[in-house]
$ cat data35.pdb   # PDB, C-alpha atoms
ATOM      1  CA  MET A   1     200.190 -11.603  63.953
ATOM      2  CA  SER A   2     202.946 -14.194  64.287
ATOM      3  CA  GLU A   3     203.940 -16.252  61.297
ATOM      4  CA  PHE A   4     203.953 -20.001  61.673
ATOM      5  CA  THR A   5     205.185 -23.077  59.895
ATOM      6  CA  SER A   6     203.871 -26.622  60.029
ATOM      7  CA  THR A   7     205.772 -29.790  60.741
ATOM      8  CA  PRO A   8     206.061 -32.055  57.676
ATOM      9  CA  ASP A   9     203.341 -34.396  58.990
ATOM     10  CA  GLY A  10     200.952 -31.438  59.560
ATOM     11  CA  ARG A  11     200.311 -32.425  63.161
ATOM     12  CA  TYR A  12     201.966 -29.383  64.713
ATOM     13  CA  ILE A  13     202.554 -25.733  63.968
ATOM     14  CA  ILE A  14     205.596 -23.803  65.108
ATOM     15  CA  VAL A  15     205.026 -20.234  66.277
ATOM     16  CA  ASN A  16     207.984 -18.147  67.449
ATOM     17  CA  GLY A  17     210.003 -21.340  67.913
ATOM     18  CA  ARG A  18     207.338 -23.058  70.033
ATOM     19  CA  LYS A  19     205.522 -26.199  68.851
ATOM     20  CA  TRP A  20     201.719 -26.355  69.192
ATOM     21  CA  ARG A  21     199.287 -29.077  68.121
ATOM     22  CA  ALA A  22     197.560 -28.160  64.872
ATOM     23  CA  THR A  23     193.812 -28.057  64.421
ATOM     24  CA  ASP A  24     192.263 -31.268  63.105
ATOM     25  CA  PRO A  25     192.309 -30.739  59.318
ATOM     26  CA  SER A  26     189.245 -32.942  58.774
ATOM     27  CA  ILE A  27     186.889 -30.452  60.478
ATOM     28  CA  PRO A  28     184.653 -28.878  57.817
ATOM     29  CA  ASP A  29     185.533 -25.203  57.290
ATOM     30  CA  ALA A  30     182.124 -23.834  58.309
ATOM     31  CA  LEU A  31     182.206 -25.713  61.612
ATOM     32  CA  LYS A  32     185.868 -24.853  62.216
ATOM     33  CA  THR A  33     185.001 -21.165  61.761
ATOM     34  CA  GLN A  34     182.344 -21.442  64.487
ATOM     35  CA  LEU A  35     184.701 -23.237  66.878
ATOM     36  CA  VAL A  36     187.465 -20.696  66.307
ATOM     37  CA  ALA A  37     185.030 -17.812  66.887
ATOM     38  CA  VAL A  38     184.145 -19.235  70.313
ATOM     39  CA  LEU A  39     187.843 -19.838  71.040
ATOM     40  CA  MET A  40     188.746 -16.240  70.231
ATOM     41  CA  THR A  41     185.837 -14.846  72.279
ATOM     42  CA  GLY A  42     186.980 -17.001  75.177
ATOM     43  CA  ARG A  43     190.554 -15.751  74.841
ATOM     44  CA  ARG A  44     189.381 -12.134  74.773
ATOM     45  CA  ASN A  45     187.262 -12.789  77.868
ATOM     46  CA  VAL A  46     190.247 -14.316  79.700
ATOM     47  CA  GLY A  47     192.209 -11.140  78.966
ATOM     48  CA  LYS A  48     189.335  -8.928  80.056
ATOM     49  CA  ALA A  49     188.857 -10.933  83.255
ATOM     50  CA  LEU A  50     192.540 -10.622  84.106
ATOM     51  CA  ARG A  51     192.463  -6.855  83.473
ATOM     52  CA  ILE A  52     189.421  -6.267  85.680
ATOM     53  CA  LYS A  53     190.361  -9.011  88.165
ATOM     54  CA  ASP A  54     187.076 -10.919  87.723
ATOM     55  CA  GLU A  55     187.778 -14.483  88.848
ATOM     56  CA  VAL A  56     184.320 -15.771  87.900
ATOM     57  CA  LEU A  57     184.592 -14.452  84.328
ATOM     58  CA  GLU A  58     188.138 -15.791  84.070
ATOM     59  CA  LYS A  59     187.113 -19.294  85.164
ATOM     60  CA  GLU A  60     184.162 -19.374  82.745
ATOM     61  CA  ALA A  61     186.276 -18.016  79.875
ATOM     62  CA  ARG A  62     188.998 -20.584  80.485
ATOM     63  CA  VAL A  63     186.397 -23.368  80.334
ATOM     64  CA  HIS A  64     185.184 -21.995  76.987
ATOM     65  CA  VAL A  65     188.756 -21.832  75.647
ATOM     66  CA  ASN A  66     189.480 -25.366  76.821
ATOM     67  CA  ASP A  67     186.296 -26.784  75.271
ATOM     68  CA  ALA A  68     186.994 -25.028  71.967
ATOM     69  CA  LYS A  69     190.580 -26.311  71.875
ATOM     70  CA  ILE A  70     189.426 -29.876  72.627
ATOM     71  CA  ALA A  71     186.759 -29.609  69.909
ATOM     72  CA  LEU A  72     189.376 -28.341  67.438
ATOM     73  CA  GLY A  73     191.649 -31.253  68.344
ATOM     74  CA  GLU A  74     194.321 -28.962  69.782
ATOM     75  CA  ARG A  75     193.983 -30.435  73.300
ATOM     76  CA  GLY A  76     193.009 -33.805  74.675
ATOM     77  CA  ASP A  77     193.803 -36.968  72.779
ATOM     78  CA  ALA A  78     195.601 -36.379  69.484
ATOM     79  CA  TRP A  79     193.232 -36.159  66.513
ATOM     80  CA  TRP A  80     195.389 -38.496  64.422
ATOM     81  CA  GLU A  81     195.163 -41.311  66.995
ATOM     82  CA  VAL A  82     192.280 -43.772  67.415
ATOM     83  CA  TYR A  83     190.091 -42.558  70.287
ATOM     84  CA  ASP A  84     188.880 -44.787  73.068
ATOM     85  CA  ASN A  85     185.254 -44.322  74.136
ATOM     86  CA  ALA A  86     186.062 -41.850  76.939
ATOM     87  CA  ALA A  87     188.210 -39.626  74.701
ATOM     88  CA  LEU A  88     185.586 -39.705  71.961
ATOM     89  CA  LYS A  89     182.854 -38.673  74.396
ATOM     90  CA  LYS A  90     185.042 -35.877  75.782
ATOM     91  CA  ARG A  91     185.674 -34.402  72.324
ATOM     92  CA  LEU A  92     182.014 -34.758  71.327
ATOM     93  CA  ARG A  93     180.906 -33.076  74.562
ATOM     94  CA  SER A  94     183.313 -30.181  73.989
ATOM     95  CA  SER A  95     182.156 -29.909  70.368
ATOM     96  CA  ILE A  96     178.481 -29.788  71.326
ATOM     97  CA  LEU A  97     179.089 -27.161  74.016
ATOM     98  CA  THR A  98     181.294 -25.018  71.783
ATOM     99  CA  LEU A  99     178.854 -25.127  68.866
ATOM    100  CA  LEU A 100     175.999 -24.180  71.211
ATOM    101  CA  ARG A 101     178.058 -21.277  72.571
ATOM    102  CA  HIS A 102     178.256 -19.998  69.017
ATOM    103  CA  ARG A 103     174.444 -19.955  68.814
ATOM    104  CA  ASP A 104     172.162 -17.375  70.368
ATOM    105  CA  VAL A 105     169.839 -18.599  73.110
ATOM    106  CA  GLY A 106     166.812 -20.149  71.454
ATOM    107  CA  LYS A 107     168.835 -21.415  68.498
ATOM    108  CA  SER A 108     169.852 -25.042  68.153
ATOM    109  CA  ILE A 109     172.407 -27.379  66.658
ATOM    110  CA  CYS A 110     171.995 -30.769  65.051
ATOM    111  CA  PRO A 111     173.945 -33.574  66.737
ATOM    112  CA  SER A 112     175.437 -34.346  63.324
ATOM    113  CA  GLU A 113     177.350 -31.057  63.485
ATOM    114  CA  ALA A 114     179.312 -32.321  66.498
ATOM    115  CA  ALA A 115     179.794 -35.695  64.810
ATOM    116  CA  ARG A 116     181.179 -33.923  61.727
ATOM    117  CA  VAL A 117     183.657 -32.007  63.906
ATOM    118  CA  VAL A 118     185.017 -35.219  65.415
ATOM    119  CA  GLY A 119     184.604 -37.678  62.541
ATOM    120  CA  SER A 120     186.211 -37.507  59.152
ATOM    121  CA  PRO A 121     183.931 -36.618  56.236
ATOM    122  CA  ASP A 122     183.262 -40.290  55.499
ATOM    123  CA  LYS A 123     183.076 -41.499  59.127
ATOM    124  CA  TRP A 124     180.863 -39.014  60.999
ATOM    125  CA  ARG A 125     177.665 -41.070  60.562
ATOM    126  CA  GLU A 126     179.284 -43.861  62.584
ATOM    127  CA  LEU A 127     179.485 -41.404  65.495
ATOM    128  CA  MET A 128     175.797 -40.526  65.632
ATOM    129  CA  THR A 129     174.851 -43.109  68.270
ATOM    130  CA  ILE A 130     177.579 -42.007  70.671
ATOM    131  CA  THR A 131     176.852 -38.331  69.873
ATOM    132  CA  ARG A 132     173.251 -38.861  70.920
ATOM    133  CA  GLU A 133     174.485 -40.602  74.095
ATOM    134  CA  VAL A 134     176.588 -37.557  74.964
ATOM    135  CA  ALA A 135     173.599 -35.302  74.262
ATOM    136  CA  VAL A 136     171.457 -37.384  76.628
ATOM    137  CA  GLU A 137     174.133 -37.078  79.333
ATOM    138  CA  LEU A 138     174.210 -33.289  78.866
ATOM    139  CA  ALA A 139     170.397 -33.133  78.908
ATOM    140  CA  ASN A 140     170.278 -35.134  82.136
ATOM    141  CA  GLU A 141     172.597 -32.492  83.634
ATOM    142  CA  ASP A 142     170.198 -29.727  82.373
ATOM    143  CA  ILE A 143     173.053 -28.312  80.286
ATOM    144  CA  LEU A 144     171.049 -28.732  77.111
ATOM    145  CA  THR A 145     167.528 -29.541  76.034
ATOM    146  CA  ILE A 146     166.789 -32.097  73.337
ATOM    147  CA  THR A 147     163.929 -31.124  71.047
ATOM    148  CA  ARG A 148     162.018 -32.432  68.080
ATOM    149  CA  ASP A 149     159.893 -29.954  66.143
ATOM    150  CA  ASP A 150     160.505 -27.382  68.928
ATOM    151  CA  GLN A 151     159.037 -29.731  71.559
ATOM    152  CA  ALA A 152     161.295 -30.663  74.495
ATOM    153  CA  LEU A 153     161.798 -34.400  74.785
ATOM    154  CA  ASP A 154     162.534 -36.637  77.737
ATOM    155  CA  PRO A 155     166.198 -37.400  77.026
ATOM    156  CA  ASN A 156     165.784 -40.952  78.291
ATOM    157  CA  LEU A 157     162.904 -41.701  75.908
ATOM    158  CA  LEU A 158     164.192 -40.360  72.577
ATOM    159  CA  GLY A 159     163.519 -43.256  70.278
ATOM    160  CA  LYS A 160     164.382 -42.796  66.624
ATOM    161  CA  GLY A 161     164.088 -39.651  64.555
ATOM    162  CA  HIS A 162     165.731 -36.286  64.146
ATOM    163  CA  ILE A 163     166.536 -34.193  67.185
ATOM    164  CA  ARG A 164     167.979 -30.746  67.871
ATOM    165  CA  LEU A 165     170.069 -29.580  70.802
ATOM    166  CA  ARG A 166     169.343 -26.279  72.562
ATOM    167  CA  HIS A 167     170.704 -24.398  75.569
ATOM    168  CA  GLY A 168     169.485 -25.913  78.838
ATOM    169  CA  LYS A 169     168.818 -24.296  82.210
ATOM    170  CA  SER A 170     172.382 -24.925  83.421
ATOM    171  CA  PHE A 171     174.146 -24.028  80.167
ATOM    172  CA  LYS A 172     177.257 -21.848  80.560
TER     173      LYS A 172
END
$ encode --input "data35.pdb" --output "structure tokens"
Amino acid sequence: MSEFTSTPDGRYIIVNGRKWRATDPSIPDALKTQLVAVLMTGRRNVGKALRIKDEVLEKEARVHVNDAKIALGERGDAWWEVYDNAALKKRLRSSILTLLRHRDVGKSICPSEAARVVGSPDKWRELMTITREVAVELANEDILTITRDDQALDPNLLGKGHIRLRHGKSFK
């Protein structure tokens, strides 16, 4: 494995003389581990797809890698900058999808997990409303299902209360 150094501000790492954006250091370790696991699986699948010349697998794997890198803060808007609404939604969407990819079908995530990936430890609660909005958008695309107590909910009639996010019919 290549050795790397960080820039003094911690925003970049340097590997073999090339500068790469560092992972957002505010992501809790347990969630970062899940995101990195999906990233590495995606990278392995890209390699496999290239070896066997499977364009469909390659395209899907590249989407998984891209989502994981956005969730980790390594792509998209810089994690140290203030996000506009569109950038925030993009990172939350990628975080939700990547966390769900880490779960087996039938398992779920809490929207707060995605909010904790994107928000600092003391700011994630402020992201819950927009996280739920992103979840509703994904549910309306059949990418995920929103549940409460294992009952599927109409995403446009959530109301208050805890919810869970599960794989939808169109999840990839």
$ atom_distance --input "data35.pdb" --atom1 "CA of Leu92 in chain A" --atom2 "CA of Glu133 in chain A"
9.9 Å
$ closest_residue --input "data35.pdb" --among "A:Lys172, A:Arg101, A:Arg164, A:Arg148" --to "Leu57 in chain A" --atoms "all atoms listed in the file"
A:Lys172
$ resolve_selection --input "data35.pdb" --expression "the PyMOL selection byres ((chain A and resi 21) around 12)" --output "list in words"
Thr5, Ser6, Thr7, Asp9, Gly10, Arg11, Tyr12, Ile13, Ile14, Val15, Arg18, Lys19, Trp20, Ala22, Thr23, Asp24, Pro25, Lys69, Ile70, Leu72, Gly73, Glu74, Arg75, Gly76, Asp77, Ala78, Trp79 and Trp80 of chain A
$ resolve_selection --input "data35.pdb" --expression "the PyMOL selection byres ((chain A and resi 59) around 12)" --output "mmCIF file with C-alpha atoms, in the coordinates of the input"
data_model
loop_
_atom_site.group_PDB
_atom_site.id
_atom_site.type_symbol
_atom_site.label_atom_id
_atom_site.label_comp_id
_atom_site.auth_asym_id
_atom_site.auth_seq_id
_atom_site.Cartn_x
_atom_site.Cartn_y
_atom_site.Cartn_z
ATOM 1 C CA GLY A 42 186.980 -17.001 75.177
ATOM 2 C CA ARG A 43 190.554 -15.751 74.841
ATOM 3 C CA ASN A 45 187.262 -12.789 77.868
ATOM 4 C CA VAL A 46 190.247 -14.316 79.700
ATOM 5 C CA GLY A 47 192.209 -11.140 78.966
ATOM 6 C CA LYS A 48 189.335 -8.928 80.056
ATOM 7 C CA ALA A 49 188.857 -10.933 83.255
ATOM 8 C CA LEU A 50 192.540 -10.622 84.106
ATOM 9 C CA LYS A 53 190.361 -9.011 88.165
ATOM 10 C CA ASP A 54 187.076 -10.919 87.723
ATOM 11 C CA GLU A 55 187.778 -14.483 88.848
ATOM 12 C CA VAL A 56 184.320 -15.771 87.900
ATOM 13 C CA LEU A 57 184.592 -14.452 84.328
ATOM 14 C CA GLU A 58 188.138 -15.791 84.070
ATOM 15 C CA GLU A 60 184.162 -19.374 82.745
ATOM 16 C CA ALA A 61 186.276 -18.016 79.875
ATOM 17 C CA ARG A 62 188.998 -20.584 80.485
ATOM 18 C CA VAL A 63 186.397 -23.368 80.334
ATOM 19 C CA HIS A 64 185.184 -21.995 76.987
ATOM 20 C CA VAL A 65 188.756 -21.832 75.647
ATOM 21 C CA ASN A 66 189.480 -25.366 76.821
ATOM 22 C CA LYS A 172 177.257 -21.848 80.560
#
$ closest_residue --input "data35.pdb" --among "A:Val105, A:Ala68, A:Ala139, A:Val117" --to "Pro28 in chain A" --atoms "only C-alpha atoms"
A:Val117
$ decode --input "data35.pdb" --residues "range 67-114 of chain A" --atoms "C-alpha atoms" --output "mmCIF file, in the first residue's frame"
data_model
loop_
_atom_site.group_PDB
_atom_site.id
_atom_site.type_symbol
_atom_site.label_atom_id
_atom_site.label_comp_id
_atom_site.auth_asym_id
_atom_site.auth_seq_id
_atom_site.Cartn_x
_atom_site.Cartn_y
_atom_site.Cartn_z
ATOM 1 C CA ASP A 67 -21.637 7.991 -4.422
ATOM 2 C CA ALA A 68 -19.251 6.702 -1.752
ATOM 3 C CA LYS A 69 -16.648 9.356 -2.589
ATOM 4 C CA ILE A 70 -19.288 12.118 -2.474
ATOM 5 C CA ALA A 71 -20.566 10.787 0.868
ATOM 6 C CA LEU A 72 -17.002 10.732 2.232
ATOM 7 C CA GLY A 73 -16.498 14.318 1.070
ATOM 8 C CA GLU A 74 -13.786 13.332 -1.405
ATOM 9 C CA ARG A 75 -15.824 14.511 -4.425
ATOM 10 C CA GLY A 76 -18.439 17.166 -4.978
ATOM 11 C CA ASP A 77 -18.369 20.385 -3.013
ATOM 12 C CA ALA A 78 -15.501 20.614 -0.532
ATOM 13 C CA TRP A 79 -16.457 19.450 2.963
ATOM 14 C CA TRP A 80 -14.830 22.484 4.587
ATOM 15 C CA GLU A 81 -16.985 24.937 2.602
ATOM 16 C CA VAL A 82 -20.562 25.980 3.412
ATOM 17 C CA TYR A 83 -22.918 23.950 1.211
ATOM 18 C CA ASP A 84 -25.756 25.460 -0.747
ATOM 19 C CA ASN A 85 -29.038 23.528 -0.709
ATOM 20 C CA ALA A 86 -28.307 21.596 -3.926
ATOM 21 C CA ALA A 87 -24.848 20.475 -2.766
ATOM 22 C CA LEU A 88 -26.218 19.477 0.629
ATOM 23 C CA LYS A 89 -28.965 17.390 -0.971
ATOM 24 C CA LYS A 90 -26.452 15.744 -3.317
ATOM 25 C CA ARG A 91 -24.181 14.685 -0.443
ATOM 26 C CA LEU A 92 -27.127 13.498 1.661
ATOM 27 C CA ARG A 93 -28.493 11.489 -1.275
ATOM 28 C CA SER A 94 -25.102 9.855 -1.853
ATOM 29 C CA SER A 95 -24.783 9.150 1.879
ATOM 30 C CA ILE A 96 -28.206 7.511 2.081
ATOM 31 C CA LEU A 97 -27.548 5.356 -0.989
ATOM 32 C CA THR A 98 -24.073 4.333 0.160
ATOM 33 C CA LEU A 99 -25.238 3.439 3.669
ATOM 34 C CA LEU A 100 -28.094 1.380 2.204
ATOM 35 C CA ARG A 101 -25.642 -0.417 -0.093
ATOM 36 C CA HIS A 102 -23.787 -1.477 3.030
ATOM 37 C CA ARG A 103 -26.972 -3.095 4.378
ATOM 38 C CA ASP A 104 -28.433 -6.397 3.267
ATOM 39 C CA VAL A 105 -31.818 -6.263 1.552
ATOM 40 C CA GLY A 106 -34.471 -6.096 4.243
ATOM 41 C CA LYS A 107 -32.250 -4.087 6.581
ATOM 42 C CA SER A 108 -32.687 -0.364 7.077
ATOM 43 C CA ILE A 109 -30.916 2.831 8.017
ATOM 44 C CA CYS A 110 -32.066 5.756 10.107
ATOM 45 C CA PRO A 111 -32.056 9.107 8.294
ATOM 46 C CA SER A 112 -29.944 10.448 11.160
ATOM 47 C CA GLU A 113 -27.066 8.247 9.988
ATOM 48 C CA ALA A 114 -26.882 10.191 6.716
#
